[in-house]
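Report on one structure; see the data block that follows.
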Number of protein chains: 2
Amino acid sequence: MGDGNVKVLGAWASPFLMRVRVALHLKSVEYENIEENLLEAKSELLLKSNPVHKKIPVLIHGDNPVCESLIIVQYIDEVWSTKTSILPSDPYERANSRFWAAYVDDKFFPALRMVLVGTTEEAQKAAMAEVLEGVVLLEEAFKKLSKGKAFFGGDSVGFVDLAAGSLLAWIKVIEKFTETKLLSEAKTPSLVAWADCFSTHAAVKDVFPDVDKLADFGMKLRAKLLKAAAATTN
Amino acid sequence: MGDGNVKVLGAWASPFLMRVRVALHLKSVEYENIEENLLEAKSELLLKSNPVHKKIPVLIHGDNPVCESLIIVQYIDEVWSTKTSILPSDPYERANSRFWAAYVDDKFFPALRMVLVGTTEEAQKAAMAEVLEGVVLLEEAFKKLSKGKAFFGGDSVGFVDLAAGSLLAWIKVIEKFTETKLLSEAKTPSLVAWADCFSTHAAVKDVFPDVDKLADFGMKLRAKLLKAAAATTN
C-alpha cells in the first residue's frame, strides 16, 4: 500500500493529532491532513471512522481507520518499520516507554486539562498541584530513559517524546493563563532543555501550534465545555 | 534470563492480575506468585516496584519491574516471542486488538466497577446502561476479530481475550448482585459461547476465581471503598 493512501482526521489544536503527524513526519510518510472543527458538529467521516469514541485523531490507511493516538503511533511504527524506530527494540525499554506514555495520557493530561476547565477554584488548584508533581516525575523519567541524550527516545524522538512533547504548547498556554511556570530551570532543568530540542526538531516545528492562537482557542474551548457542564448539572 | 527469575505481585481477585498469569501460562513461563492483600496496607515490595501508581499487578523479571497489566502482557509477548503469539502479527490487526483492549480498560471496566461501587442508585443505573451498551459493542467486535473462531484472537487466546476475559468472573458477580444478565443468548450469543471457551481454557481455568468467593470479596471491597468515599466527602 503506497504512502499516498494515508489520511489523517484531526484538529490543529489537538495534542493527540500532533503525535500522529510528527510520527508520520519521522517516517517521511506523505498524508492528507483533514481538519475537523472541534467547536462545531462532528463530520460524517469522523463518525463513520471512529464510531465507538467519535474522537479525533483517526488515521485512515487505504480503507482502514485506526483510532487512539498512541495506538496510531504504534501502527505507524510497525507499518513503516524500516525507517527510524519510534519504540525501542528492547522489550524492557519498550515497556518503560509504554508506561510513561500511558502515564501522560492517564494521569498527567487529565490534570493539565482540569487546570484549564475545572469548574471550581478548588478543583483547579488540586489539578495544578498534580501537574507540578507530574513534571517532577517526568523529569526523573527523562533522566532514566534518555541516558544523557536529547530525547526520551535517546538520540531520536521516541514514543514518550511524542506522548509528552505534544502537550508542550498547551503547557505554555496554561503557564500564560495561570502565570505559573510548569517547567523551570530550578525544578525540571532536563525537561526545559528537552522542550527546546523537541519543539525545534525538523519533524515537529511545522506542526507546533502558535501559542497565542492556541490560547485564544483554549478560551473558546473552555467556555464551550463549562457551558456543557452547566447544562448537565442544571 | 531464565524463566525461573519471574515474580508476579498481585491479588487473587484482581482481573488485571489474571491477564498477566494467563499470559505467562500461554507462554509456559514458570513464575512465583506473590499475593498482596488489597484490603490491607501495601507491601514494601509493591511500593518499591511500582512507585508511581502503587498498584498491582507488577511483573518482576530479574531486577526489572514492569507495571500496568496490558503493558506487562505485551512485554511477555515480546520477551517469550517464540511461543504462541498473544498479539497478531499484522499491524492493522494489532491496532484493532489494542483498540478493543483499551476500550475494555478505559470505558467498559470503569462502568462495570461503578455498578458495584457507585455511591448513588442513579450512578449505578447509568453505569449499568453503559455496561449493557458495552457488551453489545464487544459482541460486534468479537464477530469481526474472531473471524468465526472461538476467541477474539482467532484460534488461540489473544490480547482482547485477556483484556475482556479477565472480567468474566466479575461480570458473574455483578449479575448475581444486580439479578441482571449482562451476557445472554438473546443479545450476545457469541460472547456467551466465548465466555465458556475462555473460562475453561487450559491456561485460564486454574486462575479463574470462584464466583461465590469473589462475590464475598466484592462486598468487602465495596464497603471499604464506600467508607473511603464517605471520608473524603465529609
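Every chain in the C-alpha cells has a letter given in the order shown (A, B, ...), and although residue numbers restart at 1 in each chain, ligands are simply numbered from 1 in the order shown.
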
Could you make a table, as JSON lines, of the residues of chain A that have an atom within 8 Å of an atom of chain B, each with its nearest atom pair and distance in Å to one decimal, counting only C-alpha atoms, in chain and number order?
```
{"residue": "A:Asn64", "atom": "CA", "partner": "B:Tyr92", "partner_atom": "CA", "distance": 7.7}
{"residue": "A:Val66", "atom": "CA", "partner": "B:Ala95", "partner_atom": "CA", "distance": 6.8}
{"residue": "A:Cys67", "atom": "CA", "partner": "B:Phe99", "partner_atom": "CA", "distance": 7.2}
{"residue": "A:Glu68", "atom": "CA", "partner": "B:Phe99", "partner_atom": "CA", "distance": 7.3}
{"residue": "A:Ile71", "atom": "CA", "partner": "B:Ala95", "partner_atom": "CA", "distance": 6.0}
{"residue": "A:Ile72", "atom": "CA", "partner": "B:Ala95", "partner_atom": "CA", "distance": 7.3}
{"residue": "A:Gln74", "atom": "CA", "partner": "B:Ala95", "partner_atom": "CA", "distance": 7.8}
{"residue": "A:Tyr75", "atom": "CA", "partner": "B:Pro91", "partner_atom": "CA", "distance": 5.8}
{"residue": "A:Glu78", "atom": "CA", "partner": "B:Pro91", "partner_atom": "CA", "distance": 6.0}
{"residue": "A:Val79", "atom": "CA", "partner": "B:Pro91", "partner_atom": "CA", "distance": 6.2}
{"residue": "A:Pro91", "atom": "CA", "partner": "B:Tyr75", "partner_atom": "CA", "distance": 5.8}
{"residue": "A:Tyr92", "atom": "CA", "partner": "B:Tyr75", "partner_atom": "CA", "distance": 6.9}
{"residue": "A:Arg94", "atom": "CA", "partner": "B:Tyr75", "partner_atom": "CA", "distance": 7.8}
{"residue": "A:Ala95", "atom": "CA", "partner": "B:Ile71", "partner_atom": "CA", "distance": 6.0}
{"residue": "A:Asn96", "atom": "CA", "partner": "B:Val66", "partner_atom": "CA", "distance": 7.5}
{"residue": "A:Arg98", "atom": "CA", "partner": "B:Ile71", "partner_atom": "CA", "distance": 6.8}
{"residue": "A:Phe99", "atom": "CA", "partner": "B:Ile71", "partner_atom": "CA", "distance": 7.1}
```

Legend entry - Nearby residues (only C-alpha atoms) at most 12 Å from Lys55 (chain A), same-chain spacing under 6 positions excluded, as a list in words: Leu9, Gly10, Ala11, Ser14, Phe16, Leu17, Glu36, Asn37, Leu38, Ala41, Lys42, Ser43, Glu44, Leu45, Leu46, Leu47, Lys48, Ser49, Val66, Cys67, Glu68 and Ser69 of chain A

Inset, instruction - Go through A:Ala229, A:Ala123, A:Ile174, A:Val8 and flag the residue nearest Asp212 (chain A), using only C-alpha atoms for the distances. - result: A:Ile174

Inset, instruction - From a DSSP calculation on the backbone, collect every residue of region 65-154 of chain B in helix (DSSP H, G or I) and output the set as a VMD selection string. - result: chain B and resid 69 to 79 91 to 117 121 to 146

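Separating CA of Ser81 (chain A) from CA of Val29 (chain A) is a distance of 11.7 Å.
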
Inset, instruction - Work out how far CA of Met18 (chain A) is from CA of Lys205 (chain A), in Å to one decimal. - result: 10.6 Å

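With only C-alpha atoms as the atoms that count, the minimum distance from Lys176 (chain A) to the choices A:Ala101, A:Met219, A:Ala13, A:Val6 is reached by A:Met219.
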
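One distance worth recording is that between CA of Phe109 (chain A) and CA of Lys213 (chain A), which is 20.1 Å.
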
Inset, instruction - Give me the residues within 7 Å of region 182-193 of chain A as an MDAnalysis selection string, counting only C-alpha atoms and dropping any in the same chain fewer than 4 places off. - result: chainID A and resid 132 136 139 175 197

Legend entry - Selection: 10 Å around Asp161 (chain A), only C-alpha atoms, excl. self and same-chain fewer than 2 positions, as a PyMOL selection string: chain A and resi 19+86+97+100-101+142+151-154+156-159+163-167+194-195+198

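Inside region 16-60 of chain B, the residues DSSP reads as strand (DSSP E or B) when given the backbone are Glu32, Asn33, Ile34, Glu35, Val58, Leu59 and Ile60 of chain B.
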
Go ahead and dump the residues you just picked, C-alpha atoms, as a PDB file, in the first residue's frame.
```pdb
ATOM      1  CA  GLU B  32       6.489 -17.084  41.655  1.00  0.00           C
ATOM      2  CA  ASN B  33       3.053 -15.696  42.531  1.00  0.00           C
ATOM      3  CA  ILE B  34       3.239 -13.218  45.429  1.00  0.00           C
ATOM      4  CA  GLU B  35      -0.122 -12.360  46.962  1.00  0.00           C
ATOM      5  CA  VAL B  58       3.678  -5.953  38.796  1.00  0.00           C
ATOM      6  CA  LEU B  59       5.812  -8.445  36.897  1.00  0.00           C
ATOM      7  CA  ILE B  60       9.371  -8.597  38.194  1.00  0.00           C
TER       8      ILE B  60
END
```
